[in-house]
Amino acid sequence: MLTAGPSGFYNAPTTKGMLLIVGGLSLLSSILQIKTDFHLQLVPHLTTHHQLWRLITSHFAFSTSTEVLFGGLIIYHLRIIERLFGPAKYVSFLFVSAVLSTFLNVAVLVTGSAVGLNVLPAGPYGVIFAALYQFYILIPVMYEFKIFGVAFTDKVFMYVLASQLLFSHIPGSIALAVCGLLSGMIYRSDFAGTRRWRFPKPLVRFAERFLLPIFSSSPAIRSTATTFETRTQTRATNRPAQAMREYLDVLSTGGAPQGATPRPPSEEQIATLQAIFPTATQDQAIAALNSANNNLDGAVQFLLDNPSNAPPPSSS
């Protein structure tokens with residue numbers, strides 16, 4: 001499931017800031033030809049030259065354009081975790097994950113030298129795979145589909161993107177991914193209060209006052225139609241463009257493909273839809289949800305576009 005909630009960065013300022021910082025520093029390091037200043041190497045960087053600053057800078061830039069592309073896509077689609085946690089908790093999670101993965105990275109370099117693992121590539125692998133673990137645990141499967149008889153879920157699209165990072169710099173990228181997953185597990189287990197840790201309130205107030213206005217985004221503009229007839233007429237006019245957008249969404253974000261088997265709608269979704277359309281029957285609500293792959297917004301739009309299936313929604 002690569003899309004969840006509204007598109008863009010609404011309610012995801014941390015994700016927006018992370019993309020700008022990682023993408024900007026990756027581009028800058030390429031232009032200035034300082035890519036070699038970001039990767040981790042025990043000897044000579046940490047032990048001989050004592051370049052401990054690399055433990056911090058290694059999280060802020062990728063070394064190749066391929067990593068920037070796939071890493072950026074993963075960071076963007078993981079905004080669902082920020083919307084679930086809230087920005088304050090999510091930025092605390094990213095900080096804790098970065099600290100934990102840094103310690104694990106050093107341990108890997110110390111123990112991995114015996115098997116030839118001497119270099120770890122640059123990039124926020126730790127926080128990305130820690131967030132992917134939260135995605136795996138917290139985000140439910142929306143639908144299933146089969147390819148040549150093999151069953152997959154909608155979450156496989158995210159894992160395919162992650163595999164591009166996983167195998168980008170073998171064996172270092174695999175080691176970083178494992179460290180990130182372990183960091184996510186430690187955070188999830190609340191070891192030493194990691195899940196409850198937050199930045200001090202003065203720092204949070206500073207960020208809300210000076211940083212949030214920079215990275216926050218407005219919600220998507222909704223239709224200005226004020227009556228049911230106007231909304232229906234507007235949607236009918238825009239239906240070809242809407243169909244094209246939905247088709248592109250399937251191609252680019254892993255929407256439900258043909259032959260997918262959606263999960264049955266939950267009682268809560270049915271009750272919510274019937275609250276919006278008070279005289280709609282349960283069968284009508286289920287049919288609308290099935291047509292929209294259990295997406296509530298899509299089900300509402302389905303009933304609005306098909307007034308013969310249900311009356312106009314309640315004005316309350």
# chains A, B, ... in the order shown; residues from 1 in each chain; ligands from 1
call {"tool": "residues_around", "arguments": {"residues": "Ser30 of chain A", "least_positions_apart": "5", "cutoff": "12 Å", "atoms": "only C-alpha atoms", "output": "mmCIF file with all heavy atoms, in the first residue's frame"}}
result
data_model
loop_
_atom_site.group_PDB
_atom_site.id
_atom_site.type_symbol
_atom_site.label_atom_id
_atom_site.label_comp_id
_atom_site.auth_asym_id
_atom_site.auth_seq_id
_atom_site.Cartn_x
_atom_site.Cartn_y
_atom_site.Cartn_z
ATOM 1 N N GLY A 23 17.893 14.842 -0.007
ATOM 2 C CA GLY A 23 18.067 15.088 -1.436
ATOM 3 C C GLY A 23 19.031 16.233 -1.714
ATOM 4 O O GLY A 23 19.887 16.136 -2.591
ATOM 5 N N GLY A 24 18.894 17.320 -0.942
ATOM 6 C CA GLY A 24 19.772 18.470 -1.141
ATOM 7 C C GLY A 24 21.222 18.166 -0.835
ATOM 8 O O GLY A 24 22.126 18.534 -1.610
ATOM 9 N N LEU A 25 21.490 17.489 0.291
ATOM 10 C CA LEU A 25 22.870 17.161 0.647
ATOM 11 C C LEU A 25 23.472 16.130 -0.298
ATOM 12 O O LEU A 25 24.671 16.170 -0.586
ATOM 13 C CB LEU A 25 22.930 16.663 2.091
ATOM 14 C CG LEU A 25 22.690 17.728 3.176
ATOM 15 C CD1 LEU A 25 22.728 17.104 4.568
ATOM 16 C CD2 LEU A 25 23.721 18.846 3.069
ATOM 17 N N LYS A 35 31.617 13.085 -1.891
ATOM 18 C CA LYS A 35 30.871 11.885 -1.523
ATOM 19 C C LYS A 35 31.661 11.003 -0.559
ATOM 20 O O LYS A 35 31.084 10.312 0.279
ATOM 21 C CB LYS A 35 30.518 11.081 -2.776
ATOM 22 C CG LYS A 35 29.529 11.753 -3.709
ATOM 23 C CD LYS A 35 29.247 10.856 -4.903
ATOM 24 C CE LYS A 35 28.253 11.487 -5.860
ATOM 25 N NZ LYS A 35 27.973 10.607 -7.030
ATOM 26 N N THR A 36 32.985 11.021 -0.686
ATOM 27 C CA THR A 36 33.810 10.145 0.159
ATOM 28 C C THR A 36 33.830 10.591 1.622
ATOM 29 O O THR A 36 34.369 9.873 2.463
ATOM 30 C CB THR A 36 35.256 10.115 -0.366
ATOM 31 O OG1 THR A 36 35.757 11.456 -0.453
ATOM 32 C CG2 THR A 36 35.303 9.474 -1.741
ATOM 33 N N ASP A 37 33.246 11.759 1.918
ATOM 34 C CA ASP A 37 33.224 12.252 3.299
ATOM 35 C C ASP A 37 32.026 11.745 4.089
ATOM 36 O O ASP A 37 31.846 12.144 5.244
ATOM 37 C CB ASP A 37 33.219 13.788 3.317
ATOM 38 C CG ASP A 37 34.534 14.377 2.844
ATOM 39 O OD1 ASP A 37 35.535 13.635 2.857
ATOM 40 O OD2 ASP A 37 34.553 15.555 2.447
ATOM 41 N N PHE A 38 31.202 10.887 3.473
ATOM 42 C CA PHE A 38 29.961 10.489 4.135
ATOM 43 C C PHE A 38 29.914 9.013 4.532
ATOM 44 O O PHE A 38 29.166 8.648 5.428
ATOM 45 C CB PHE A 38 28.757 10.826 3.243
ATOM 46 C CG PHE A 38 28.453 12.290 3.150
ATOM 47 C CD1 PHE A 38 29.054 13.068 2.174
ATOM 48 C CD2 PHE A 38 27.579 12.895 4.035
ATOM 49 C CE1 PHE A 38 28.794 14.431 2.078
ATOM 50 C CE2 PHE A 38 27.302 14.255 3.963
ATOM 51 C CZ PHE A 38 27.904 15.023 2.984
ATOM 52 N N ALA A 61 23.149 11.789 3.625
ATOM 53 C CA ALA A 61 23.286 11.864 2.164
ATOM 54 C C ALA A 61 23.563 10.490 1.580
ATOM 55 O O ALA A 61 24.304 9.691 2.160
ATOM 56 C CB ALA A 61 24.405 12.832 1.774
ATOM 57 N N PHE A 62 22.943 10.215 0.421
ATOM 58 C CA PHE A 62 23.246 9.017 -0.354
ATOM 59 C C PHE A 62 24.415 9.308 -1.283
ATOM 60 O O PHE A 62 24.705 10.462 -1.607
ATOM 61 C CB PHE A 62 22.036 8.582 -1.173
ATOM 62 C CG PHE A 62 20.923 7.978 -0.365
ATOM 63 C CD1 PHE A 62 19.714 8.645 -0.220
ATOM 64 C CD2 PHE A 62 21.076 6.748 0.243
ATOM 65 C CE1 PHE A 62 18.673 8.089 0.505
ATOM 66 C CE2 PHE A 62 20.043 6.175 0.983
ATOM 67 C CZ PHE A 62 18.839 6.848 1.114
ATOM 68 N N SER A 63 25.049 8.252 -1.744
ATOM 69 C CA SER A 63 26.228 8.424 -2.607
ATOM 70 C C SER A 63 25.935 8.249 -4.084
ATOM 71 O O SER A 63 26.762 8.612 -4.917
ATOM 72 C CB SER A 63 27.325 7.430 -2.195
ATOM 73 O OG SER A 63 26.845 6.090 -2.287
ATOM 74 N N THR A 64 24.763 7.707 -4.444
ATOM 75 C CA THR A 64 24.437 7.508 -5.857
ATOM 76 C C THR A 64 23.033 8.020 -6.143
ATOM 77 O O THR A 64 22.178 8.113 -5.254
ATOM 78 C CB THR A 64 24.518 6.025 -6.258
ATOM 79 O OG1 THR A 64 23.470 5.296 -5.583
ATOM 80 C CG2 THR A 64 25.861 5.432 -5.889
ATOM 81 N N SER A 65 22.787 8.333 -7.405
ATOM 82 C CA SER A 65 21.471 8.825 -7.817
ATOM 83 C C SER A 65 20.400 7.742 -7.678
ATOM 84 O O SER A 65 19.228 8.049 -7.405
ATOM 85 C CB SER A 65 21.525 9.329 -9.262
ATOM 86 O OG SER A 65 21.954 8.296 -10.138
ATOM 87 N N VAL A 68 19.246 7.798 -4.168
ATOM 88 C CA VAL A 68 18.417 8.986 -3.937
ATOM 89 C C VAL A 68 16.997 8.751 -4.445
ATOM 90 O O VAL A 68 16.012 9.097 -3.780
ATOM 91 C CB VAL A 68 19.035 10.219 -4.621
ATOM 92 C CG1 VAL A 68 18.101 11.419 -4.519
ATOM 93 C CG2 VAL A 68 20.381 10.564 -3.987
#
call {"tool": "closest_atom_pairs", "arguments": {"of": "segment 37-95 of chain A", "to": "segment 136-150 of chain A", "cutoff": "12 Å", "atoms": "only C-alpha atoms", "output": "Markdown table"}}
result
| residue | atom | partner | partner_atom | distance |
| --- | --- | --- | --- | --- |
| A:Leu78 | CA | A:Ile139 | CA | 10.4 |
| A:Arg79 | CA | A:Ile139 | CA | 11.8 |
| A:Ile80 | CA | A:Ile139 | CA | 8.6 |
| A:Ile81 | CA | A:Ile139 | CA | 8.4 |
| A:Glu82 | CA | A:Leu138 | CA | 11.9 |
| A:Arg83 | CA | A:Ile139 | CA | 11.6 |
| A:Leu84 | CA | A:Leu138 | CA | 9.1 |
| A:Phe85 | CA | A:Leu138 | CA | 10.6 |
call {"tool": "write_last_selection", "arguments": {"atoms": "N, CA and C atoms", "output": "PDB file, in the first residue's frame"}}
result
ATOM      1  N   LEU A  78       6.476   6.505   3.279  1.00  0.00           N
ATOM      2  CA  LEU A  78       6.425   6.227   4.719  1.00  0.00           C
ATOM      3  C   LEU A  78       5.839   7.388   5.512  1.00  0.00           C
ATOM      4  N   ARG A  79       5.361   8.424   4.826  1.00  0.00           N
ATOM      5  CA  ARG A  79       4.683   9.505   5.542  1.00  0.00           C
ATOM      6  C   ARG A  79       3.430   9.002   6.250  1.00  0.00           C
ATOM      7  N   ILE A  80       2.945   7.835   5.840  1.00  0.00           N
ATOM      8  CA  ILE A  80       1.809   7.229   6.536  1.00  0.00           C
ATOM      9  C   ILE A  80       2.156   6.966   7.999  1.00  0.00           C
ATOM     10  N   ILE A  81       3.421   6.645   8.286  1.00  0.00           N
ATOM     11  CA  ILE A  81       3.837   6.427   9.673  1.00  0.00           C
ATOM     12  C   ILE A  81       3.837   7.751  10.432  1.00  0.00           C
ATOM     13  N   GLU A  82       4.280   8.828   9.798  1.00  0.00           N
ATOM     14  CA  GLU A  82       4.249  10.137  10.465  1.00  0.00           C
ATOM     15  C   GLU A  82       2.815  10.551  10.771  1.00  0.00           C
ATOM     16  N   ARG A  83       1.905  10.316   9.835  1.00  0.00           N
ATOM     17  CA  ARG A  83       0.510  10.663  10.082  1.00  0.00           C
ATOM     18  C   ARG A  83      -0.088   9.808  11.185  1.00  0.00           C
ATOM     19  N   LEU A  84       0.396   8.593  11.317  1.00  0.00           N
ATOM     20  CA  LEU A  84      -0.081   7.716  12.388  1.00  0.00           C
ATOM     21  C   LEU A  84       0.492   8.141  13.738  1.00  0.00           C
ATOM     22  N   PHE A  85       1.785   8.468  13.779  1.00  0.00           N
ATOM     23  CA  PHE A  85       2.453   8.858  15.022  1.00  0.00           C
ATOM     24  C   PHE A  85       2.162  10.303  15.411  1.00  0.00           C
TER      25      PHE A  85
END
call {"tool": "closest_atom_pairs", "arguments": {"of": "segment 96-124 of chain A", "to": "segment 181-200 of chain A", "cutoff": "12 Å", "atoms": "only C-alpha atoms", "output": "JSON lines"}}
result
{"residue": "A:Val96", "atom": "CA", "partner": "A:Thr194", "partner_atom": "CA", "distance": 6.9}
{"residue": "A:Ser97", "atom": "CA", "partner": "A:Ser183", "partner_atom": "CA", "distance": 5.5}
{"residue": "A:Ala98", "atom": "CA", "partner": "A:Ser183", "partner_atom": "CA", "distance": 8.1}
{"residue": "A:Val99", "atom": "CA", "partner": "A:Ser183", "partner_atom": "CA", "distance": 8.7}
{"residue": "A:Leu100", "atom": "CA", "partner": "A:Ser183", "partner_atom": "CA", "distance": 5.6}
{"residue": "A:Ser101", "atom": "CA", "partner": "A:Ser183", "partner_atom": "CA", "distance": 5.7}
{"residue": "A:Thr102", "atom": "CA", "partner": "A:Ser183", "partner_atom": "CA", "distance": 9.4}
{"residue": "A:Phe103", "atom": "CA", "partner": "A:Ser183", "partner_atom": "CA", "distance": 9.7}
{"residue": "A:Leu104", "atom": "CA", "partner": "A:Ser183", "partner_atom": "CA", "distance": 8.3}
{"residue": "A:Asn105", "atom": "CA", "partner": "A:Ser183", "partner_atom": "CA", "distance": 10.6}
call {"tool": "write_last_selection", "arguments": {"atoms": "N, CA and C atoms", "output": "PDB file, in the first residue's frame"}}
result
ATOM      1  N   VAL A  96      15.776   8.576  17.661  1.00  0.00           N
ATOM      2  CA  VAL A  96      16.116   7.367  18.424  1.00  0.00           C
ATOM      3  C   VAL A  96      16.636   6.278  17.491  1.00  0.00           C
ATOM      4  N   SER A  97      15.994   6.110  16.340  1.00  0.00           N
ATOM      5  CA  SER A  97      16.421   5.092  15.385  1.00  0.00           C
ATOM      6  C   SER A  97      17.818   5.388  14.847  1.00  0.00           C
ATOM      7  N   ALA A  98      18.103   6.670  14.584  1.00  0.00           N
ATOM      8  CA  ALA A  98      19.427   7.039  14.093  1.00  0.00           C
ATOM      9  C   ALA A  98      20.503   6.756  15.136  1.00  0.00           C
ATOM     10  N   VAL A  99      20.212   7.054  16.404  1.00  0.00           N
ATOM     11  CA  VAL A  99      21.183   6.796  17.477  1.00  0.00           C
ATOM     12  C   VAL A  99      21.425   5.300  17.630  1.00  0.00           C
ATOM     13  N   LEU A 100      20.337   4.532  17.670  1.00  0.00           N
ATOM     14  CA  LEU A 100      20.477   3.077  17.833  1.00  0.00           C
ATOM     15  C   LEU A 100      21.232   2.458  16.656  1.00  0.00           C
ATOM     16  N   SER A 101      20.884   2.858  15.438  1.00  0.00           N
ATOM     17  CA  SER A 101      21.544   2.277  14.273  1.00  0.00           C
ATOM     18  C   SER A 101      23.015   2.687  14.198  1.00  0.00           C
ATOM     19  N   THR A 102      23.355   3.885  14.718  1.00  0.00           N
ATOM     20  CA  THR A 102      24.765   4.305  14.730  1.00  0.00           C
ATOM     21  C   THR A 102      25.596   3.383  15.614  1.00  0.00           C
ATOM     22  N   PHE A 103      25.105   3.079  16.799  1.00  0.00           N
ATOM     23  CA  PHE A 103      25.817   2.140  17.678  1.00  0.00           C
ATOM     24  C   PHE A 103      25.930   0.762  17.036  1.00  0.00           C
ATOM     25  N   LEU A 104      24.853   0.321  16.385  1.00  0.00           N
ATOM     26  CA  LEU A 104      24.889  -0.983  15.727  1.00  0.00           C
ATOM     27  C   LEU A 104      25.850  -0.972  14.538  1.00  0.00           C
ATOM     28  N   ASN A 105      25.927   0.152  13.829  1.00  0.00           N
ATOM     29  CA  ASN A 105      26.856   0.258  12.702  1.00  0.00           C
ATOM     30  C   ASN A 105      28.306   0.113  13.161  1.00  0.00           C
TER      31      ASN A 105
END
call {"tool": "select_by_dssp", "arguments": {"residues": "segment 19-252 of chain A", "states": "helix (DSSP H, G or I)", "output": "PyMOL selection string"}}
result
chain A and resi 19-31+35-37+42-46+54-57+65-77+79-85+87-115+125-138+156-166+172-189+191-196+201-215+228-237+239-252
call {"tool": "atom_distance", "arguments": {"atom1": "atom CA of Leu69 of chain A", "atom2": "atom CA of Leu32 of chain A"}}
result
19.6 Å
